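Each remark here refers to the structure printed beneath this line.
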Amino acid sequence: MRLLGLVGICALLGACAASAPEVRARLGQEYVGKNLDELVMKWGPPNSSFRMNNGQSSYVWQLATETTLTSDRSARTYACKVSVIASPTGVIEQLNTEDWTAGSGLLGIAGVYGSMCGERLGMKPQG
């Protein structure tokens, strides 16, 4: 019975934000193949960009950063970065996230709390 209660609590906590792999997949489905201008209009200009020798460009958005103090008085930083590779014509070819899970402890490691990108982008888990 105690295990069932723990599973229920985990399910409720997990409903807050999508997991990092889910966020990455959903962003890829939404933006790969579209013009980079759509991301700029939604998130503003990227934090950094770089033109590669092959004509493609790399862009990075830092959408969120949060630092918290843990019980042992050390700092832990959570972040959401979205990296994009665009063609010379501005079409998004690749999209990846660097997404640290929100929360700590056993439940945080298991991804129960969702991800920082999921929180920042308001993405709920799909079930």
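Residue names in the structure tokens use chain letters A, B, ... in the order shown, residue numbers from 1 in each chain, and ligand numbers from 1 in the order shown.
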**Request:** May I have all residues of stretch 33-65 of chain A that DSSP, computed from the backbone, assigns to strand (DSSP E), given as a VMD selection string?
**Result:** chain A and resid 48 to 51 57 to 65
Convert the current residue selection to file output with N, CA, C and O atoms, as a CSV table (one decimal), in the first residue's frame.
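Everything below was put into selection_10.csv:
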```csv
chain,number,residue,atom,x,y,z
A,48,SER,N,23.9,33.2,-28.5
A,48,SER,CA,25.1,33.1,-29.3
A,48,SER,C,24.8,32.5,-30.7
A,48,SER,O,23.8,31.8,-30.8
A,49,SER,N,25.6,32.8,-31.6
A,49,SER,CA,25.5,32.2,-33.0
A,49,SER,C,26.9,32.1,-33.6
A,49,SER,O,27.8,32.8,-33.2
A,50,PHE,N,27.0,31.2,-34.5
A,50,PHE,CA,28.3,30.9,-35.1
A,50,PHE,C,28.1,30.4,-36.5
A,50,PHE,O,27.3,29.5,-36.7
A,51,ARG,N,28.7,31.1,-37.5
A,51,ARG,CA,28.7,30.6,-38.9
A,51,ARG,C,29.8,29.6,-39.1
A,51,ARG,O,30.9,29.9,-38.9
A,57,SER,N,24.7,27.5,-39.9
A,57,SER,CA,24.9,28.4,-38.7
A,57,SER,C,24.4,27.6,-37.5
A,57,SER,O,23.4,26.9,-37.5
A,58,SER,N,25.1,27.9,-36.4
A,58,SER,CA,24.7,27.3,-35.1
A,58,SER,C,24.2,28.4,-34.2
A,58,SER,O,24.8,29.5,-34.1
A,59,TYR,N,23.1,28.2,-33.5
A,59,TYR,CA,22.5,29.1,-32.6
A,59,TYR,C,22.2,28.5,-31.3
A,59,TYR,O,21.8,27.3,-31.2
A,60,VAL,N,22.4,29.3,-30.2
A,60,VAL,CA,22.1,28.7,-28.8
A,60,VAL,C,21.2,29.8,-28.1
A,60,VAL,O,21.5,30.9,-28.1
A,61,TRP,N,20.1,29.3,-27.5
A,61,TRP,CA,19.3,30.1,-26.7
A,61,TRP,C,19.4,29.5,-25.2
A,61,TRP,O,19.3,28.3,-25.0
A,62,GLN,N,19.7,30.4,-24.3
A,62,GLN,CA,19.7,30.0,-22.9
A,62,GLN,C,18.4,30.5,-22.3
A,62,GLN,O,18.2,31.7,-22.1
A,63,LEU,N,17.4,29.6,-22.2
A,63,LEU,CA,16.1,30.0,-21.8
A,63,LEU,C,15.8,30.1,-20.4
A,63,LEU,O,14.9,30.8,-19.9
A,64,ALA,N,16.6,29.4,-19.6
A,64,ALA,CA,16.5,29.5,-18.1
A,64,ALA,C,17.7,29.0,-17.4
A,64,ALA,O,18.4,28.1,-17.9
A,65,THR,N,18.0,29.6,-16.3
A,65,THR,CA,19.1,29.2,-15.4
A,65,THR,C,18.6,29.4,-14.0
A,65,THR,O,18.0,30.5,-13.7
```
For the interface of stretch 14-50 of chain A with stretch 86-89 of chain A (cut-off 12 Å, counting only C-alpha atoms), please tabulate each contacting residue of stretch 14-50 of chain A alongside its nearest pair of atoms and their separation in Å to one decimal, rows sorted by chain and increasing number, as a tab-separated table.
```
residue	atom	partner	partner_atom	distance
A:Tyr31	CA	A:Ala86	CA	10.8
A:Val32	CA	A:Ala86	CA	9.0
A:Gly33	CA	A:Ala86	CA	9.2
A:Lys34	CA	A:Ala86	CA	9.5
A:Asn35	CA	A:Thr89	CA	8.3
A:Leu36	CA	A:Ala86	CA	7.1
A:Asp37	CA	A:Ala86	CA	10.7
A:Leu39	CA	A:Ala86	CA	11.4
A:Ser49	CA	A:Ala86	CA	10.5
A:Phe50	CA	A:Ala86	CA	10.4
```
Using the selection just defined, write its residues with all heavy atoms as a PDB file, in the first residue's frame.
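Now in again_12.pdb:
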```pdb
ATOM      1  N   TYR A  31       9.794  22.367 -34.852  1.00  0.00           N
ATOM      2  CA  TYR A  31      10.621  23.375 -35.522  1.00  0.00           C
ATOM      3  C   TYR A  31      11.556  22.864 -36.615  1.00  0.00           C
ATOM      4  O   TYR A  31      11.921  23.649 -37.493  1.00  0.00           O
ATOM      5  CB  TYR A  31      11.440  24.153 -34.484  1.00  0.00           C
ATOM      6  CG  TYR A  31      10.570  25.012 -33.615  1.00  0.00           C
ATOM      7  CD1 TYR A  31      10.327  24.676 -32.291  1.00  0.00           C
ATOM      8  CD2 TYR A  31       9.957  26.143 -34.128  1.00  0.00           C
ATOM      9  CE1 TYR A  31       9.505  25.459 -31.495  1.00  0.00           C
ATOM     10  CE2 TYR A  31       9.133  26.935 -33.340  1.00  0.00           C
ATOM     11  CZ  TYR A  31       8.919  26.586 -32.017  1.00  0.00           C
ATOM     12  OH  TYR A  31       8.107  27.358 -31.241  1.00  0.00           O
ATOM     13  N   VAL A  32      11.994  21.604 -36.584  1.00  0.00           N
ATOM     14  CA  VAL A  32      12.902  21.133 -37.635  1.00  0.00           C
ATOM     15  C   VAL A  32      12.166  21.197 -38.977  1.00  0.00           C
ATOM     16  O   VAL A  32      11.026  20.776 -39.104  1.00  0.00           O
ATOM     17  CB  VAL A  32      13.417  19.704 -37.338  1.00  0.00           C
ATOM     18  CG1 VAL A  32      14.166  19.131 -38.542  1.00  0.00           C
ATOM     19  CG2 VAL A  32      14.329  19.712 -36.113  1.00  0.00           C
ATOM     20  N   GLY A  33      12.827  21.798 -39.947  1.00  0.00           N
ATOM     21  CA  GLY A  33      12.228  21.991 -41.268  1.00  0.00           C
ATOM     22  C   GLY A  33      11.593  23.361 -41.443  1.00  0.00           C
ATOM     23  O   GLY A  33      11.187  23.727 -42.538  1.00  0.00           O
ATOM     24  N   LYS A  34      11.504  24.128 -40.361  1.00  0.00           N
ATOM     25  CA  LYS A  34      10.911  25.465 -40.436  1.00  0.00           C
ATOM     26  C   LYS A  34      12.016  26.512 -40.430  1.00  0.00           C
ATOM     27  O   LYS A  34      13.159  26.245 -40.110  1.00  0.00           O
ATOM     28  CB  LYS A  34       9.969  25.681 -39.257  1.00  0.00           C
ATOM     29  CG  LYS A  34       8.853  24.655 -39.247  1.00  0.00           C
ATOM     30  CD  LYS A  34       7.592  25.212 -38.721  1.00  0.00           C
ATOM     31  CE  LYS A  34       6.505  24.173 -38.895  1.00  0.00           C
ATOM     32  NZ  LYS A  34       5.663  24.045 -37.761  1.00  0.00           N
ATOM     33  N   ASN A  35      11.654  27.737 -40.744  1.00  0.00           N
ATOM     34  CA  ASN A  35      12.611  28.825 -40.781  1.00  0.00           C
ATOM     35  C   ASN A  35      12.992  29.248 -39.367  1.00  0.00           C
ATOM     36  O   ASN A  35      12.149  29.300 -38.467  1.00  0.00           O
ATOM     37  CB  ASN A  35      12.042  30.017 -41.548  1.00  0.00           C
ATOM     38  CG  ASN A  35      13.133  31.005 -41.892  1.00  0.00           C
ATOM     39  OD1 ASN A  35      13.613  31.729 -41.042  1.00  0.00           O
ATOM     40  ND2 ASN A  35      13.542  31.004 -43.153  1.00  0.00           N
ATOM     41  N   LEU A  36      14.249  29.583 -39.201  1.00  0.00           N
ATOM     42  CA  LEU A  36      14.798  30.018 -37.918  1.00  0.00           C
ATOM     43  C   LEU A  36      14.050  31.226 -37.354  1.00  0.00           C
ATOM     44  O   LEU A  36      13.958  31.400 -36.140  1.00  0.00           O
ATOM     45  CB  LEU A  36      16.279  30.351 -38.108  1.00  0.00           C
ATOM     46  CG  LEU A  36      17.057  30.775 -36.890  1.00  0.00           C
ATOM     47  CD1 LEU A  36      17.231  29.587 -35.951  1.00  0.00           C
ATOM     48  CD2 LEU A  36      18.398  31.322 -37.285  1.00  0.00           C
ATOM     49  N   ASP A  37      13.478  32.030 -38.217  1.00  0.00           N
ATOM     50  CA  ASP A  37      12.753  33.222 -37.771  1.00  0.00           C
ATOM     51  C   ASP A  37      11.627  32.872 -36.791  1.00  0.00           C
ATOM     52  O   ASP A  37      11.283  33.679 -35.923  1.00  0.00           O
ATOM     53  CB  ASP A  37      12.186  33.988 -38.958  1.00  0.00           C
ATOM     54  CG  ASP A  37      13.269  34.636 -39.809  1.00  0.00           C
ATOM     55  OD1 ASP A  37      14.422  34.741 -39.338  1.00  0.00           O
ATOM     56  OD2 ASP A  37      12.965  35.021 -40.949  1.00  0.00           O
ATOM     57  N   LEU A  39      11.703  30.679 -34.347  1.00  0.00           N
ATOM     58  CA  LEU A  39      12.272  30.634 -32.992  1.00  0.00           C
ATOM     59  C   LEU A  39      12.632  32.024 -32.503  1.00  0.00           C
ATOM     60  O   LEU A  39      12.414  32.344 -31.334  1.00  0.00           O
ATOM     61  CB  LEU A  39      13.509  29.734 -32.951  1.00  0.00           C
ATOM     62  CG  LEU A  39      13.254  28.242 -32.936  1.00  0.00           C
ATOM     63  CD1 LEU A  39      14.571  27.477 -32.883  1.00  0.00           C
ATOM     64  CD2 LEU A  39      12.383  27.843 -31.767  1.00  0.00           C
ATOM     65  N   SER A  49      25.646  32.831 -31.625  1.00  0.00           N
ATOM     66  CA  SER A  49      25.518  32.249 -32.961  1.00  0.00           C
ATOM     67  C   SER A  49      26.910  32.120 -33.554  1.00  0.00           C
ATOM     68  O   SER A  49      27.847  32.824 -33.153  1.00  0.00           O
ATOM     69  CB  SER A  49      24.617  33.101 -33.852  1.00  0.00           C
ATOM     70  OG  SER A  49      25.171  34.384 -34.027  1.00  0.00           O
ATOM     71  N   PHE A  50      27.021  31.204 -34.507  1.00  0.00           N
ATOM     72  CA  PHE A  50      28.315  30.940 -35.123  1.00  0.00           C
ATOM     73  C   PHE A  50      28.088  30.436 -36.536  1.00  0.00           C
ATOM     74  O   PHE A  50      27.295  29.522 -36.750  1.00  0.00           O
ATOM     75  CB  PHE A  50      29.074  29.877 -34.304  1.00  0.00           C
ATOM     76  CG  PHE A  50      30.395  29.492 -34.884  1.00  0.00           C
ATOM     77  CD1 PHE A  50      31.501  30.293 -34.719  1.00  0.00           C
ATOM     78  CD2 PHE A  50      30.527  28.304 -35.598  1.00  0.00           C
ATOM     79  CE1 PHE A  50      32.726  29.926 -35.260  1.00  0.00           C
ATOM     80  CE2 PHE A  50      31.747  27.928 -36.141  1.00  0.00           C
ATOM     81  CZ  PHE A  50      32.848  28.745 -35.962  1.00  0.00           C
TER      82      PHE A  50
END
```
**Asked** DSSP on the backbone: what in stretch 22-55 of chain A comes out helix (DSSP H, G or I), as a list in words?
**Response**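 Those residues are Glu22, Val23, Arg24, Ala25, Arg26, Leu27, Gly28, Gln29, Glu30, Tyr31, Asp37, Glu38, Leu39, Val40, Met41, Lys42 and Trp43 of chain A.
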Output file for the selection above: all heavy atoms, as a CSV table (one decimal), in the first residue's frame:
```csv
chain,number,residue,atom,x,y,z
A,22,GLU,N,11.3,14.2,-23.8
A,22,GLU,CA,10.0,14.6,-24.4
A,22,GLU,C,10.0,16.0,-24.9
A,22,GLU,O,9.5,16.3,-26.0
A,22,GLU,CB,8.9,14.5,-23.3
A,22,GLU,CG,7.5,14.7,-23.9
A,22,GLU,CD,6.4,14.4,-22.9
A,22,GLU,OE1,6.7,14.2,-21.7
A,22,GLU,OE2,5.2,14.4,-23.3
A,23,VAL,N,10.6,16.9,-24.2
A,23,VAL,CA,10.8,18.3,-24.6
A,23,VAL,C,11.6,18.4,-25.9
A,23,VAL,O,11.2,19.0,-26.9
A,23,VAL,CB,11.5,19.2,-23.5
A,23,VAL,CG1,11.8,20.6,-24.1
A,23,VAL,CG2,10.5,19.4,-22.3
A,24,ARG,N,12.7,17.6,-26.0
A,24,ARG,CA,13.6,17.6,-27.1
A,24,ARG,C,12.8,17.1,-28.4
A,24,ARG,O,12.9,17.7,-29.4
A,24,ARG,CB,14.8,16.8,-26.9
A,24,ARG,CG,15.8,16.8,-28.0
A,24,ARG,CD,17.1,15.9,-27.6
A,24,ARG,NE,17.6,16.3,-26.3
A,24,ARG,CZ,17.5,15.4,-25.2
A,24,ARG,NH1,17.0,14.3,-25.3
A,24,ARG,NH2,18.0,15.8,-24.1
A,25,ALA,N,12.1,16.0,-28.2
A,25,ALA,CA,11.3,15.4,-29.3
A,25,ALA,C,10.2,16.4,-29.8
A,25,ALA,O,10.1,16.6,-31.0
A,25,ALA,CB,10.7,14.1,-28.8
A,26,ARG,N,9.5,17.0,-28.8
A,26,ARG,CA,8.4,17.9,-29.2
A,26,ARG,C,8.9,19.1,-29.9
A,26,ARG,O,8.3,19.6,-30.9
A,26,ARG,CB,7.5,18.2,-28.0
A,26,ARG,CG,6.7,17.0,-27.7
A,26,ARG,CD,6.0,17.1,-26.3
A,26,ARG,NE,5.2,18.2,-26.1
A,26,ARG,CZ,4.6,18.4,-24.9
A,26,ARG,NH1,4.8,17.7,-23.9
A,26,ARG,NH2,3.8,19.5,-24.8
A,27,LEU,N,10.0,19.7,-29.4
A,27,LEU,CA,10.6,20.9,-30.1
A,27,LEU,C,11.1,20.5,-31.5
A,27,LEU,O,10.9,21.3,-32.4
A,27,LEU,CB,11.7,21.5,-29.3
A,27,LEU,CG,11.4,22.2,-28.0
A,27,LEU,CD1,12.6,22.6,-27.2
A,27,LEU,CD2,10.5,23.4,-28.3
A,28,GLY,N,11.7,19.3,-31.6
A,28,GLY,CA,12.2,18.9,-32.9
A,28,GLY,C,11.1,18.7,-33.9
A,28,GLY,O,11.1,19.2,-35.0
A,29,GLN,N,10.0,18.1,-33.4
A,29,GLN,CA,8.8,18.0,-34.3
A,29,GLN,C,8.2,19.3,-34.7
A,29,GLN,O,7.7,19.5,-35.9
A,29,GLN,CB,7.7,17.1,-33.6
A,29,GLN,CG,8.1,15.7,-33.4
A,29,GLN,CD,7.1,14.9,-32.5
A,29,GLN,OE1,6.2,15.5,-31.9
A,29,GLN,NE2,7.3,13.6,-32.4
A,30,GLU,N,8.2,20.2,-33.8
A,30,GLU,CA,7.6,21.5,-34.1
A,30,GLU,C,8.4,22.4,-35.0
A,30,GLU,O,7.9,23.2,-35.8
A,30,GLU,CB,7.3,22.2,-32.8
A,30,GLU,CG,6.5,23.5,-32.9
A,30,GLU,CD,6.1,24.1,-31.6
A,30,GLU,OE1,6.2,23.4,-30.5
A,30,GLU,OE2,5.7,25.3,-31.6
A,31,TYR,N,9.8,22.4,-34.9
A,31,TYR,CA,10.6,23.4,-35.5
A,31,TYR,C,11.6,22.9,-36.6
A,31,TYR,O,11.9,23.6,-37.5
A,31,TYR,CB,11.4,24.2,-34.5
A,31,TYR,CG,10.6,25.0,-33.6
A,31,TYR,CD1,10.3,24.7,-32.3
A,31,TYR,CD2,10.0,26.1,-34.1
A,31,TYR,CE1,9.5,25.5,-31.5
A,31,TYR,CE2,9.1,26.9,-33.3
A,31,TYR,CZ,8.9,26.6,-32.0
A,31,TYR,OH,8.1,27.4,-31.2
A,37,ASP,N,13.5,32.0,-38.2
A,37,ASP,CA,12.8,33.2,-37.8
A,37,ASP,C,11.6,32.9,-36.8
A,37,ASP,O,11.3,33.7,-35.9
A,37,ASP,CB,12.2,34.0,-39.0
A,37,ASP,CG,13.3,34.6,-39.8
A,37,ASP,OD1,14.4,34.7,-39.3
A,37,ASP,OD2,13.0,35.0,-40.9
A,38,GLU,N,11.1,31.7,-36.9
A,38,GLU,CA,10.0,31.3,-36.0
A,38,GLU,C,10.5,31.2,-34.5
A,38,GLU,O,9.8,31.6,-33.6
A,38,GLU,CB,9.4,30.0,-36.4
A,38,GLU,CG,8.5,30.1,-37.7
A,38,GLU,CD,7.7,28.9,-37.9
A,38,GLU,OE1,7.2,28.3,-37.0
A,38,GLU,OE2,7.5,28.6,-39.1
A,39,LEU,N,11.7,30.7,-34.3
A,39,LEU,CA,12.3,30.6,-33.0
A,39,LEU,C,12.6,32.0,-32.5
A,39,LEU,O,12.4,32.3,-31.3
A,39,LEU,CB,13.5,29.7,-33.0
A,39,LEU,CG,13.3,28.2,-32.9
A,39,LEU,CD1,14.6,27.5,-32.9
A,39,LEU,CD2,12.4,27.8,-31.8
A,40,VAL,N,13.2,32.9,-33.4
A,40,VAL,CA,13.5,34.2,-33.0
A,40,VAL,C,12.3,35.0,-32.6
A,40,VAL,O,12.3,35.7,-31.6
A,40,VAL,CB,14.3,34.9,-34.1
A,40,VAL,CG1,14.5,36.4,-33.8
A,40,VAL,CG2,15.6,34.2,-34.4
A,41,MET,N,11.2,34.8,-33.3
A,41,MET,CA,9.9,35.5,-33.0
A,41,MET,C,9.4,35.0,-31.6
A,41,MET,O,8.8,35.8,-30.9
A,41,MET,CB,8.9,35.3,-34.1
A,41,MET,CG,9.3,36.1,-35.3
A,41,MET,SD,8.2,35.9,-36.8
A,41,MET,CE,6.6,35.6,-36.1
A,42,LYS,N,9.6,33.7,-31.3
A,42,LYS,CA,9.0,33.1,-30.1
A,42,LYS,C,9.9,33.4,-28.9
A,42,LYS,O,9.4,33.7,-27.8
A,42,LYS,CB,8.9,31.6,-30.3
A,42,LYS,CG,8.1,31.0,-29.1
A,42,LYS,CD,7.6,29.6,-29.5
A,42,LYS,CE,6.8,29.1,-28.3
A,42,LYS,NZ,5.9,28.1,-28.7
A,43,TRP,N,11.3,33.3,-29.0
A,43,TRP,CA,12.2,33.4,-27.9
A,43,TRP,C,13.1,34.6,-27.9
A,43,TRP,O,13.9,34.8,-27.0
A,43,TRP,CB,13.1,32.1,-27.8
A,43,TRP,CG,12.3,30.8,-27.6
A,43,TRP,CD1,11.1,30.7,-27.1
A,43,TRP,CD2,12.8,29.5,-28.0
A,43,TRP,NE1,10.8,29.3,-27.1
A,43,TRP,CE2,11.8,28.6,-27.6
A,43,TRP,CE3,13.9,29.1,-28.6
A,43,TRP,CZ2,11.9,27.3,-27.8
A,43,TRP,CZ3,14.0,27.7,-28.8
A,43,TRP,CH2,13.0,26.8,-28.4
```
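Note that the spacing between atom CA of A:Glu66 and atom CA of A:Asn96 amounts to 19.8 Å.
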**Request:** Go through A:Val91, A:Cys80, A:Cys117, A:Met123 and flag the residue nearest A:Gly55, using only C-alpha atoms for the distances.
**Result:**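 Looking at the shortest contact to A:Gly55, the residue is A:Val91.
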**Prompt:** Using only C-alpha atoms, which of the listed residues (A:Leu69, A:Met52, A:Met116, A:Ala17) sits closest to A:Ile85?
**Reply:**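 Residue with the minimum atom-to-atom distance to A:Ile85: A:Met52.
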